[in-house]
Amino acid sequence: MRNNLLIYRLDWLAILVYLVLIFAGWLNIYAAEYNPEIDASMFSLSTSAGRQLMWIGTSLVLIGVIMLVDFKAYSIVAYPVYGTLILMLIAVLLFGREVAGSRSWFEIGSFKLQPSEFTKFAAALGLAKYLSSTNKKTESLNSQVVGSLIFILPMLLIIAQGDLGSAMVFGSLIIVMFREGMHPVIFFIGLGAVVLFMSTLIVNQTILLISLVAIGLVLVGLFSRKPGKLIIAISGTIVAIAFVLSVDFILNDVLKPHQQKRVYSLIDPNADPLGIGWNVMQSKIAIGSGGFSGKGYLEGTQTKFDFVPEQTTDFIFCTIGEEQGWIGSLLLIILFTTLFLRLIFLAERQKSIFARVYGYCVVCVLFFHFAVNIAMTIGLFPVIGIPLPFFSYGGSSLWGFTVLLFIFLKLDAHRMQVLQRA
Amino acid sequence: MSRSIIIQCIIVLVALVFSIRLFSIQVVNDEYKQAAQNNIIQKIVEYPYRGLIYDRDDKLLVVNTPVFDLMLVPKEFNLKDSTRLMSLLNLDHADFEAKYNKAKRYSSILATKFIEQIPNKEFARFQDALVSIDGVSVLPRTVREYPRKALPSALGYVGEINGRQLRRDTTGYYRSGDYVGITGIEKTYEEYLRGKRGIKYKLVDVQGVVKGAFNGGKYDTVSIPGQNVQLTIDLELQEYAEKLMEGKVGSLVAIQPSTGEVLAFVSAPSYDPNLLAGRDLGINFQKISRDSLNPLFNRPIQAMYPPGSMFKTVQSLIAMQEGVLLPKEKVRCEGNLIGDHAPPGVYDVERAIQFSSNNYFFKVFKRVIQKGKDESPYLDSRLGLTSWNEYISRFGLGRKLGIDLVGEKSGYVPDNSFYDRVYGKNRWKFSNIYSLSIGQGELLVTPLQMANLGALLANKGYYYTPHIIKKIGENYDVSFDKVETGIDTAYFQSVIDGMELMVKTTAFRARIPDIDICGKTSTVENPHGEDHSGFMAFAPRKNPEIAVAVYVENAGWGARAAASTGSLVIEKYLRGYSKRTWIENYVLKGDFADPKPQPKPKPAIVVPPVEIEVNAE
């Protein structure tokens with residue numbers, strides 16, 4: 001082979017987007033905390049930006065390690081890694097440290113570690129391994145149930161930790177199942193459930209129930225000649241109504257108070273101006289004040305003066321919105337979209353099912369983070385504390401996303417070395 | 001492949017939704033930009049120092065004293081410190097909780113007024129201890145202090161502006177939380193005293209911590225201190241007069257005749273003006289206003305009494321000017337027309353004033369009212385009263401003099417329409433209104449008007465609008481109108497002679513060694529209790545320097561309480577001290593009645609009955 005060197009076989013477009021994102025993230029973390037009175041350097045470890053630079057550096061080391069490991073190893077270690085992370089999730093439940101209502105951190109000295117960040121790529125490995133194993137037909141109900149269990153198990157464990165946001169990430173893997181042959185009906189039922197759930201929060205319950213009954217009646221009218229579809233329409237309507245009613249129950253009895261607040265704050269951010277809704281208000285104010293072209297780098301006031309909470313982590317997008325305006329925000333969205341579409345393109349050209357499934361897992365996890373994170377900062381989704389990939393400050397998340405992405409890029413680089421399975 | 005495209009479509013769709021949503025909140029909607037400004041720009045008001053108030057000799061009457069507002073940021077405050085804070089501030093638990101919750105309701109992250117206006121002394125006691133308590137800070141401000149405690153009724157007081165005043169403010173200057181002069185000098189000269197508020201626009205972070213000036217301070221304004229004000233009051237005389245009036249109910253006003261400057265202004269009972277400054281203003285105001293003697297009632301300009309015999313000076317002058325009486329004209333009085341203390345005999349103006357002959361002035365007033373210009377005595381009286389009213393007004397009676405204080409009353413001078421109402425149109429004549437001749441009846445005057453009468457007599461025919469302000473700021477000297485009565489100067493001679501003789505003979509307590517004092521006493525009929533004691537005087541006779549009017553309520557004869565007090569004030573002003581310690585002691589002792597049970601003081605305002613039993617000195 002002419003271009004036998006790994007360096008020629010890597011997908012440099014994806015890597016370029018990755019590098020731009022982490023670099024832009026680092027600049028924005030600095031901007032978010034920038035204080036003209038304290039002339040702290042971007043490189044000082046006393047600032048978030050300085051520490052992020054350290055995480056970026058170590059991420060690059062991790063990339064090197066990933067590239068050095070034989071690509072076949074990832075398939076081989078998939079189950080052990082998955083098993084280890086599941087054990088760690090159990091362990092953190094027992095010995096972890098509780099922070100803000102969630103028991104999701106290990107604390108070793110001053111070093112804090114959040115296993116759920118790494119569970120994302122472990123679940124991706126596990127799912128890819130399972131769906132790629134021989135004699136598995138992804139169309140069969142059996143393999144769909146088992147496959148789903150692979151990501152539902154960590155999801156439940158993380159819900160038990162009290163970190164609903166991170167748990168929801170695993171739900172995105174249903175898109176992978178859809179790609180790999182899950183019946184569209186199941187997929188759209190799942191999608192419908194999400195839409196219904198959001199509607200329950202936003203729309204008045206009575207109005208929602210009346211419109212559901214109305215839709216049901218229209219369907220009954222349409223299918224009155226076809227007994228089979230009639231039954232589906234009637235039962236579908238009943239299930240939908242039951243679902244809406246149970247959401248209330250879940251909100252009031254299953255969710256913890258801080259999670260309830262976050263969900264309710266979506267409905268009316270002004271109701272609780274200094275509580276969680278305040279965050280959404282301030283976040284929208286910061287982004288909205290950026291205007292078309294933004295206030296300029298380091299000129300933002302809302303993030304700099306701490307009006308936006310967690311401005312380096314979950315609300316880092318506010319800094320872009322405020323300082324770079326609509327143009328900057330659009331550019332960021334285009335960057336992420338480019339990355340996702342590129343990764344789908346890469347996944348589709350894989351010869352091995354393992355690599356393809358894994359690639360889709362990467363896209364789903366990243367896309368879910370991107371979509372939910374930005375949606376919550378602009379008030380389209382409840383505030384659930386999940387970071388913007390590659391952008392938000394934080395070692396665990398940056399490492400997690402980097403490992404997730406680069407294992408796929410490593411697999412992609414070796415796609416020609418895989419024997420295609422019939 | 002088709003499923004892959006569906007997934008790609010979902011991704012592109014989400015990206016599109018985000019772009020549109022962002023366009024709407026960033027480009028289309030302006031609301032967020034406004035909200036962002038409100039977030040970061042804090043208007044910091046710099047309260048100006050209020051102007052100081054001096055007396056005519058540059059002695060300080062009113063100063064500013066620092067007080068401290070204790071601010072609390074509930075979020076930063078550690079509840080473990082609450083016991084310590086409670087003991088420092090002398091708060092009980094319920095009080096603390098109420099204040100804490102109130103602050104928390106306002107904002108948990110902004111500094112909120114926790115305790116207002118802690119006096120300097122109290123603050124010094126726990127200043128050091130506060131440093132170790134998180135979330136607590138201090139905002140200095142100034143309130144009024146009155147080191148000499150004098151002159152409360154003229155100075156007035158300063159308080160936080162209330163909602164009604166804010167709505168009525170047409171200048172648009174005031175904001176909630178501003179201090180404003182509520183009565184007295186503080187109100188009249190508010191505009192000069194208050195200065196100008198400065199505003200600084202600061203960039204603040206979420207904690208309200210200042211991060212620098214907005215736009216480099218382009219829109220900032222500097223506060224301008226209020227102008228100092230000098231009063232015409234002679235503080236030493238004022239304090240002396242206040243001491244003399246202590247324990248009594250009444251008023252004392254002293255005026256410099258040549259200028260109209262008010263030298264002393266006493267409303268008794270008085271109160272400590274410091275009570276109406278600072279944080280206890282509300283409570284103290286309640287307490288003072290509940291006092292049955294009503295110290296907040298500004299007696300010199302608000303209490304209205306019949307003038308009594310002092311008014312005889314006015315009656316003589318009008319009659320002479322009208323040409324119905326000659327200065328030396330002898331009038332025989334039998335003492336049978338009206339009750340009288342003066343013996344029957346032959347009187348002229350001088351003697352009538354000296355002995356305060358009621359019958360003489362009955363006759364004189366009858367000449368003024370019934371000149372025989374009309375056959376009907378009713379219409380004749382009507383004409384007479386009309387022209388009499390015109391004269392009275394020129395003496396500054398029945399109308400406000402225009403002193404620079406709030407709440408001046410005009411007194412009351414009955415006119416044709418009044419008697420028409422009482423008796424029916426044209427159904428009254430001199431015999432119905434004769435009480436006016438000796439200053440009784442429906443006639444009401446304020447002590448200020450009587451002091452002004454003294455000044456007018458001293459000037460022989462004119463007065464300057466009485467005023468308390470002398471100078472505003474450094475350069476602005478205040479001038480007030482000169483008012484002519486139109487009475488010929490020559491007619492004053494006999495009146496003043498009478499007044500001088502009166503002091504020399506009957507009103508012996510008003511006599512001052514080596515000083516020629518001209519005065520007239522009044523024993524004012526009071527249907528509600530003991531008579532009021534009144535005295536009006538000026539001195540020295542040549543080049544008068546001071547005119548005084550004194551009312552002491554329920555103190556009986558004018559020649560006792562009021563004449564003694566008035567003459568002491570005159571002596572003090574002219575000589576610097578009083579030679580007559582026995583009179584001083586007599587006044588300070590305050591027992592003016594003949595040996596009989598001390599009358600109980602009554603609330604100030606006196607409304608005389610329409611029908612009156614006449615009884616004057």
# chains A, B, ... in the order shown; residues from 1 in each chain; ligands from 1

call {"tool": "residues_around", "arguments": {"residues": "Phe390 in chain A", "least_positions_apart": "3", "cutoff": "10 Å", "atoms": "only C-alpha atoms", "output": "VMD selection string"}}
result
chain A and resid 18 to 26 56 366 387 393 to 394 397 to 402

call {"tool": "write_last_selection", "arguments": {"atoms": "C-alpha atoms", "output": "JSON list (two decimals), in the first residue's frame"}}
result
[["chain", "number", "residue", "atom", "x", "y", "z"],
["A", 18, "TYR", "CA", -12.15, 18.45, 16.59],
["A", 19, "LEU", "CA", -9.08, 20.66, 16.93],
["A", 20, "VAL", "CA", -11.00, 23.81, 16.03],
["A", 21, "LEU", "CA", -13.65, 22.94, 18.61],
["A", 22, "ILE", "CA", -11.24, 22.31, 21.49],
["A", 23, "PHE", "CA", -9.23, 25.41, 20.65],
["A", 24, "ALA", "CA", -12.35, 27.59, 20.38],
["A", 25, "GLY", "CA", -13.60, 26.00, 23.61],
["A", 26, "TRP", "CA", -10.39, 26.91, 25.39],
["A", 56, "ILE", "CA", -6.32, 19.29, 26.17],
["A", 366, "LEU", "CA", -22.16, 13.66, 20.53],
["A", 387, "PRO", "CA", -21.71, 19.57, 28.69],
["A", 393, "TYR", "CA", -14.58, 22.98, 30.65],
["A", 394, "GLY", "CA", -13.90, 19.66, 32.35],
["A", 397, "SER", "CA", -15.89, 15.03, 29.71],
["A", 398, "LEU", "CA", -13.09, 16.12, 27.38],
["A", 399, "TRP", "CA", -11.25, 12.85, 27.90],
["A", 400, "GLY", "CA", -14.46, 10.86, 27.50],
["A", 401, "PHE", "CA", -15.44, 12.53, 24.24],
["A", 402, "THR", "CA", -11.89, 12.42, 22.87]]

call {"tool": "select_by_dssp", "arguments": {"residues": "range 163-308 of chain B", "states": "helix (DSSP H, G or I)", "output": "PyMOL selection string"}}
result
chain B and resi 163-168+184-188+190-193+214-217+235-245+273-276+281-290+299-302+308

call {"tool": "write_last_selection", "arguments": {"atoms": "N, CA and C atoms", "output": "CSV table (one decimal), in the first residue's frame"}}
result
chain,number,residue,atom,x,y,z
B,163,GLY,N,-44.8,58.6,49.5
B,163,GLY,CA,-45.4,58.3,48.2
B,163,GLY,C,-46.2,59.5,47.7
B,164,ARG,N,-46.9,60.1,48.6
B,164,ARG,CA,-47.8,61.2,48.2
B,164,ARG,C,-46.9,62.4,47.7
B,165,GLN,N,-45.9,62.7,48.5
B,165,GLN,CA,-45.0,63.8,48.1
B,165,GLN,C,-44.3,63.5,46.7
B,166,LEU,N,-44.0,62.2,46.5
B,166,LEU,CA,-43.4,61.9,45.3
B,166,LEU,C,-44.3,62.1,44.1
B,167,ARG,N,-45.6,61.7,44.3
B,167,ARG,CA,-46.5,61.9,43.2
B,167,ARG,C,-46.8,63.4,42.9
B,168,ARG,N,-46.7,64.2,44.0
B,168,ARG,CA,-47.0,65.6,43.8
B,168,ARG,C,-45.8,66.4,43.3
B,184,GLY,N,-40.9,74.0,58.1
B,184,GLY,CA,-40.0,75.0,58.5
B,184,GLY,C,-39.0,75.4,57.4
B,185,ILE,N,-37.9,76.0,57.9
B,185,ILE,CA,-36.8,76.4,57.0
B,185,ILE,C,-36.4,75.3,56.1
B,186,GLU,N,-36.4,74.0,56.6
B,186,GLU,CA,-35.9,72.9,55.8
B,186,GLU,C,-36.8,72.7,54.6
B,187,LYS,N,-38.1,73.1,54.7
B,187,LYS,CA,-39.0,72.9,53.6
B,187,LYS,C,-38.9,74.2,52.7
B,188,THR,N,-39.0,75.4,53.3
B,188,THR,CA,-39.0,76.6,52.5
B,188,THR,C,-37.7,76.7,51.6
B,190,GLU,N,-35.7,74.2,50.9
B,190,GLU,CA,-35.3,72.8,50.4
B,190,GLU,C,-34.4,72.8,49.2
B,191,GLU,N,-34.9,73.6,48.2
B,191,GLU,CA,-34.2,73.7,46.9
B,191,GLU,C,-32.7,74.1,47.0
B,192,TYR,N,-32.4,74.9,48.0
B,192,TYR,CA,-31.0,75.4,48.2
B,192,TYR,C,-30.3,74.4,49.1
B,193,LEU,N,-31.0,73.9,50.1
B,193,LEU,CA,-30.3,73.1,51.1
B,193,LEU,C,-30.0,71.7,50.6
B,214,PHE,N,-19.3,52.8,33.7
B,214,PHE,CA,-19.9,52.4,32.4
B,214,PHE,C,-19.5,53.5,31.4
B,215,ASN,N,-19.1,53.0,30.3
B,215,ASN,CA,-18.6,53.9,29.2
B,215,ASN,C,-17.6,55.0,29.7
B,216,GLY,N,-16.7,54.6,30.6
B,216,GLY,CA,-15.7,55.5,31.0
B,216,GLY,C,-16.2,56.6,31.8
B,217,GLY,N,-17.4,56.5,32.4
B,217,GLY,CA,-18.0,57.5,33.2
B,217,GLY,C,-18.6,58.7,32.4
B,235,LEU,N,-29.1,83.3,68.1
B,235,LEU,CA,-29.1,82.0,68.8
B,235,LEU,C,-29.1,82.2,70.3
B,236,GLU,N,-28.3,83.2,70.8
B,236,GLU,CA,-28.3,83.4,72.2
B,236,GLU,C,-29.6,83.9,72.8
B,237,LEU,N,-30.2,84.8,72.0
B,237,LEU,CA,-31.5,85.4,72.4
B,237,LEU,C,-32.5,84.3,72.3
B,238,GLN,N,-32.4,83.5,71.3
B,238,GLN,CA,-33.4,82.4,71.1
B,238,GLN,C,-33.4,81.5,72.3
B,239,GLU,N,-32.2,81.1,72.6
B,239,GLU,CA,-32.0,80.1,73.7
B,239,GLU,C,-32.5,80.7,75.1
B,240,TYR,N,-32.3,82.0,75.2
B,240,TYR,CA,-32.7,82.7,76.4
B,240,TYR,C,-34.3,82.7,76.4
B,241,ALA,N,-34.8,83.1,75.3
B,241,ALA,CA,-36.3,83.1,75.2
B,241,ALA,C,-36.9,81.8,75.4
B,242,GLU,N,-36.3,80.7,74.9
B,242,GLU,CA,-36.8,79.4,75.0
B,242,GLU,C,-36.8,79.0,76.5
B,243,LYS,N,-35.7,79.4,77.2
B,243,LYS,CA,-35.6,79.1,78.6
B,243,LYS,C,-36.7,79.8,79.4
B,244,LEU,N,-37.0,81.0,79.0
B,244,LEU,CA,-38.0,81.8,79.7
B,244,LEU,C,-39.4,81.1,79.5
B,245,MET,N,-39.6,80.6,78.3
B,245,MET,CA,-40.9,80.1,77.9
B,245,MET,C,-41.1,78.6,78.4
B,273,PRO,N,-35.3,68.9,68.8
B,273,PRO,CA,-35.4,68.6,67.3
B,273,PRO,C,-34.6,67.3,66.9
B,274,ASN,N,-33.7,66.9,67.8
B,274,ASN,CA,-33.0,65.7,67.5
B,274,ASN,C,-33.9,64.4,67.5
B,275,LEU,N,-35.0,64.6,68.1
B,275,LEU,CA,-36.0,63.4,68.2
B,275,LEU,C,-36.5,63.2,66.8
B,276,LEU,N,-36.6,64.3,66.0
B,276,LEU,CA,-37.2,64.1,64.6
B,276,LEU,C,-36.1,64.0,63.6
B,281,LEU,N,-37.5,58.7,63.9
B,281,LEU,CA,-38.3,59.8,63.5
B,281,LEU,C,-39.8,59.4,63.6
B,282,GLY,N,-40.1,58.3,63.0
B,282,GLY,CA,-41.5,57.9,63.0
B,282,GLY,C,-42.1,57.7,64.4
B,283,ILE,N,-41.4,57.0,65.2
B,283,ILE,CA,-41.9,56.7,66.6
B,283,ILE,C,-42.0,58.0,67.4
B,284,ASN,N,-40.9,58.8,67.3
B,284,ASN,CA,-40.9,60.0,68.1
B,284,ASN,C,-42.0,61.0,67.6
B,285,PHE,N,-42.2,61.0,66.3
B,285,PHE,CA,-43.2,61.9,65.8
B,285,PHE,C,-44.6,61.5,66.4
B,286,GLN,N,-44.8,60.2,66.4
B,286,GLN,CA,-46.1,59.7,67.0
B,286,GLN,C,-46.2,60.2,68.4
B,287,LYS,N,-45.1,60.0,69.2
B,287,LYS,CA,-45.1,60.4,70.6
B,287,LYS,C,-45.3,61.9,70.8
B,288,ILE,N,-44.6,62.7,70.0
B,288,ILE,CA,-44.7,64.1,70.2
B,288,ILE,C,-46.1,64.6,69.7
B,289,SER,N,-46.6,64.0,68.7
B,289,SER,CA,-47.9,64.5,68.2
B,289,SER,C,-49.0,64.1,69.1
B,290,ARG,N,-48.8,63.0,69.9
B,290,ARG,CA,-49.8,62.6,70.9
B,290,ARG,C,-49.9,63.4,72.1
B,299,ARG,N,-47.0,77.6,67.2
B,299,ARG,CA,-47.8,78.6,67.7
B,299,ARG,C,-47.6,80.0,67.2
B,300,PRO,N,-46.3,80.5,67.0
B,300,PRO,CA,-46.1,81.9,66.6
B,300,PRO,C,-46.8,82.2,65.3
B,301,ILE,N,-47.0,81.2,64.4
B,301,ILE,CA,-47.6,81.5,63.1
B,301,ILE,C,-48.9,80.8,62.9
B,302,GLN,N,-49.2,79.9,63.9
B,302,GLN,CA,-50.5,79.1,63.6
B,302,GLN,C,-51.5,79.3,64.7
B,308,GLY,N,-56.7,91.5,71.9
B,308,GLY,CA,-56.9,92.2,73.2
B,308,GLY,C,-56.4,93.7,73.1

call {"tool": "closest_residue", "arguments": {"among": "A:Ala355, A:Leu409, A:Cys364, A:Val92", "to": "chain B", "atoms": "only C-alpha atoms"}}
result
A:Cys364

call {"tool": "atom_distance", "arguments": {"atom1": "CA of Ala111 in chain B", "atom2": "CA of Leu203 in chain B"}}
result
15.7 Å

call {"tool": "closest_atom_pairs", "arguments": {"of": "chain B", "to": "chain A", "cutoff": "10 Å", "atoms": "only C-alpha atoms", "output": "tab-separated table"}}
result
residue	atom	partner	partner_atom	distance
B:Met1	CA	A:Glu348	CA	8.1
B:Ser2	CA	A:Arg179	CA	9.1
B:Arg3	CA	A:Arg179	CA	5.7
B:Ser4	CA	A:Arg179	CA	6.4
B:Ile5	CA	A:Ile344	CA	9.3
B:Ile6	CA	A:Arg179	CA	9.2
B:Ile7	CA	A:Ile175	CA	7.6
B:Gln8	CA	A:Leu341	CA	6.5
B:Cys9	CA	A:Leu341	CA	9.6
B:Ile11	CA	A:Thr337	CA	7.0
B:Val12	CA	A:Thr337	CA	6.9
B:Val14	CA	A:Ala371	CA	7.1
B:Ala15	CA	A:Ile333	CA	6.3
B:Leu16	CA	A:Ile333	CA	8.9
B:Val17	CA	A:Ala375	CA	9.5
B:Phe18	CA	A:Ala375	CA	7.4
B:Ser19	CA	A:Leu330	CA	6.1
B:Ile20	CA	A:Leu330	CA	9.5
B:Arg21	CA	A:Ile378	CA	7.7
B:Leu22	CA	A:Trp326	CA	6.5
B:Phe23	CA	A:Trp326	CA	6.3
B:Ser24	CA	A:Gly288	CA	8.5
B:Ile25	CA	A:Gly288	CA	5.0
B:Gln26	CA	A:Gly288	CA	4.1
B:Val27	CA	A:Gly291	CA	5.1
B:Val28	CA	A:Gly291	CA	8.5
B:Asn29	CA	A:Gly288	CA	7.5
B:Asp30	CA	A:Gly288	CA	7.8
B:Glu31	CA	A:Gly288	CA	8.1
B:Tyr32	CA	A:Ile285	CA	4.7
B:Lys33	CA	A:Ser289	CA	4.1
B:Gln34	CA	A:Ser289	CA	7.8
B:Ala35	CA	A:Ile285	CA	6.4
B:Ala36	CA	A:Ile285	CA	5.8
B:Gln37	CA	A:Ser289	CA	8.6
B:Asn39	CA	A:Gln302	CA	7.6
B:Ile40	CA	A:Thr301	CA	7.1
B:Ser107	CA	A:Leu274	CA	8.3
B:Ser108	CA	A:Leu274	CA	8.0
B:Ile109	CA	A:Leu274	CA	8.7
B:Leu203	CA	A:Thr301	CA	8.7
B:Val204	CA	A:Phe305	CA	7.0
B:Asp205	CA	A:Phe305	CA	4.1
B:Val206	CA	A:Phe307	CA	5.0
B:Gln207	CA	A:Asp306	CA	8.1
B:Gly208	CA	A:Phe305	CA	9.2
B:Val209	CA	A:Phe305	CA	8.9
B:Val210	CA	A:Phe305	CA	9.8
B:Lys211	CA	A:Glu37	CA	8.0
B:Gly212	CA	A:Glu37	CA	9.2

call {"tool": "write_last_selection", "arguments": {"atoms": "N, CA and C atoms", "output": "compact mmCIF listing (two decimals), in the first residue's frame"}}
result
# COMPACT_ATOMS: atom_id res chain seq x y z
N MET B 1 -29.24 2.58 3.46
CA MET B 1 -28.87 3.98 3.22
C MET B 1 -30.00 4.94 3.56
N SER B 2 -31.23 4.56 3.29
CA SER B 2 -32.33 5.49 3.52
C SER B 2 -32.43 5.85 5.00
N ARG B 3 -32.18 4.87 5.87
CA ARG B 3 -32.24 5.19 7.31
C ARG B 3 -31.13 6.15 7.71
N SER B 4 -29.99 5.97 7.08
CA SER B 4 -28.88 6.90 7.34
C SER B 4 -29.28 8.32 6.95
N ILE B 5 -30.04 8.42 5.85
CA ILE B 5 -30.45 9.76 5.41
C ILE B 5 -31.48 10.36 6.38
N ILE B 6 -32.37 9.50 6.88
CA ILE B 6 -33.32 10.00 7.89
C ILE B 6 -32.57 10.58 9.08
N ILE B 7 -31.55 9.84 9.54
CA ILE B 7 -30.77 10.32 10.69
C ILE B 7 -30.08 11.64 10.35
N GLN B 8 -29.52 11.71 9.14
CA GLN B 8 -28.85 12.96 8.74
C GLN B 8 -29.85 14.11 8.66
N CYS B 9 -31.06 13.78 8.22
CA CYS B 9 -32.09 14.83 8.15
C CYS B 9 -32.42 15.35 9.55
N ILE B 11 -30.49 15.48 12.07
CA ILE B 11 -29.39 16.35 12.53
C ILE B 11 -29.47 17.72 11.88
N VAL B 12 -29.71 17.74 10.57
CA VAL B 12 -29.78 19.02 9.87
C VAL B 12 -31.00 19.81 10.36
N VAL B 14 -32.38 19.73 13.33
CA VAL B 14 -32.07 20.33 14.64
C VAL B 14 -31.19 21.56 14.46
N ALA B 15 -30.18 21.45 13.58
CA ALA B 15 -29.28 22.58 13.35
C ALA B 15 -30.07 23.78 12.82
N LEU B 16 -31.04 23.50 11.94
CA LEU B 16 -31.86 24.58 11.38
C LEU B 16 -32.71 25.24 12.46
N VAL B 17 -33.35 24.40 13.29
CA VAL B 17 -34.20 24.93 14.37
C VAL B 17 -33.37 25.84 15.27
N PHE B 18 -32.16 25.39 15.60
CA PHE B 18 -31.29 26.20 16.48
C PHE B 18 -30.96 27.53 15.82
N SER B 19 -30.62 27.49 14.53
CA SER B 19 -30.23 28.72 13.85
C SER B 19 -31.37 29.72 13.85
N ILE B 20 -32.58 29.20 13.60
CA ILE B 20 -33.73 30.10 13.53
C ILE B 20 -34.04 30.67 14.91
N ARG B 21 -34.02 29.77 15.90
CA ARG B 21 -34.29 30.23 17.27
C ARG B 21 -33.26 31.29 17.69
N LEU B 22 -32.00 31.03 17.37
CA LEU B 22 -30.95 31.99 17.74
C LEU B 22 -31.15 33.31 17.02
N PHE B 23 -31.55 33.22 15.73
CA PHE B 23 -31.80 34.45 14.98
C PHE B 23 -32.90 35.26 15.65
N SER B 24 -33.91 34.54 16.12
CA SER B 24 -35.03 35.25 16.75
C SER B 24 -34.61 35.92 18.06
N ILE B 25 -33.85 35.23 18.91
CA ILE B 25 -33.52 35.89 20.19
C ILE B 25 -32.34 36.84 20.07
N GLN B 26 -31.49 36.64 19.07
CA GLN B 26 -30.30 37.51 18.99
C GLN B 26 -30.51 38.71 18.08
N VAL B 27 -31.22 38.49 16.98
CA VAL B 27 -31.32 39.57 15.99
C VAL B 27 -32.68 40.24 16.04
N VAL B 28 -33.74 39.43 16.10
CA VAL B 28 -35.08 40.01 16.02
C VAL B 28 -35.49 40.68 17.33
N ASN B 29 -35.27 39.98 18.44
CA ASN B 29 -35.80 40.43 19.72
C ASN B 29 -34.83 41.37 20.45
N ASP B 30 -35.33 42.54 20.83
CA ASP B 30 -34.49 43.52 21.53
C ASP B 30 -34.55 43.41 23.04
N GLU B 31 -35.55 42.70 23.50
CA GLU B 31 -35.83 42.58 24.94
C GLU B 31 -34.60 42.10 25.73
N TYR B 32 -33.87 41.16 25.14
CA TYR B 32 -32.74 40.58 25.86
C TYR B 32 -31.59 41.56 26.00
N LYS B 33 -31.46 42.43 24.99
CA LYS B 33 -30.38 43.41 25.07
C LYS B 33 -30.66 44.39 26.21
N GLN B 34 -31.93 44.77 26.32
CA GLN B 34 -32.33 45.68 27.40
C GLN B 34 -32.08 45.01 28.75
N ALA B 35 -32.50 43.75 28.83
CA ALA B 35 -32.34 43.02 30.09
C ALA B 35 -30.87 42.91 30.46
N ALA B 36 -30.02 42.76 29.45
CA ALA B 36 -28.59 42.66 29.72
C ALA B 36 -28.05 43.95 30.29
N GLN B 37 -28.53 45.09 29.74
CA GLN B 37 -28.12 46.40 30.26
C GLN B 37 -28.54 46.54 31.71
N ASN B 39 -29.03 44.32 33.78
CA ASN B 39 -28.25 43.43 34.62
C ASN B 39 -26.97 44.09 35.10
N ILE B 40 -26.27 44.72 34.15
CA ILE B 40 -24.89 45.09 34.47
C ILE B 40 -24.71 46.54 34.86
N SER B 107 -34.00 40.28 47.76
CA SER B 107 -33.02 39.64 46.91
C SER B 107 -32.08 38.84 47.79
N SER B 108 -31.74 37.65 47.34
CA SER B 108 -30.82 36.89 48.17
C SER B 108 -29.37 37.17 47.79
N ILE B 109 -29.18 37.84 46.64
CA ILE B 109 -27.79 38.05 46.23
C ILE B 109 -27.39 39.53 46.23
N LEU B 203 -20.54 49.44 36.18
CA LEU B 203 -20.73 48.07 35.74
C LEU B 203 -20.66 47.19 36.97
N VAL B 204 -21.62 46.32 37.13
CA VAL B 204 -21.59 45.45 38.30
C VAL B 204 -21.71 44.01 37.86
N ASP B 205 -21.18 43.13 38.68
CA ASP B 205 -21.35 41.71 38.39
C ASP B 205 -22.58 41.22 39.15
N VAL B 206 -22.78 39.94 39.10
CA VAL B 206 -24.01 39.38 39.64
C VAL B 206 -24.12 39.61 41.14
N GLN B 207 -22.98 39.80 41.82
CA GLN B 207 -23.02 40.04 43.25
C GLN B 207 -23.23 41.51 43.56
N GLY B 208 -23.32 42.34 42.50
CA GLY B 208 -23.44 43.77 42.73
C GLY B 208 -22.09 44.40 42.99
N VAL B 209 -21.01 43.63 42.77
CA VAL B 209 -19.68 44.18 42.99
C VAL B 209 -19.31 45.06 41.80
N VAL B 210 -18.85 46.26 42.09
CA VAL B 210 -18.57 47.20 41.03
C VAL B 210 -17.33 46.78 40.25
N LYS B 211 -17.47 46.79 38.93
CA LYS B 211 -16.38 46.32 38.07
C LYS B 211 -15.79 47.46 37.26
N GLY B 212 -16.25 48.68 37.49
CA GLY B 212 -15.70 49.80 36.74
C GLY B 212 -16.81 50.73 36.28

call {"tool": "residues_around", "arguments": {"residues": "Tyr412 in chain B", "least_positions_apart": "6", "cutoff": "7 Å", "atoms": "only C-alpha atoms", "output": "list of chain:residue names"}}
result
B:Gly398, B:Leu443, B:Leu444, B:Val445

call {"tool": "residues_around", "arguments": {"residues": "Arg394 in chain B", "least_positions_apart": "2", "cutoff": "9 Å", "atoms": "only C-alpha atoms", "output": "ChimeraX atom specification"}}
result
/B:389-392,396-397,483-486
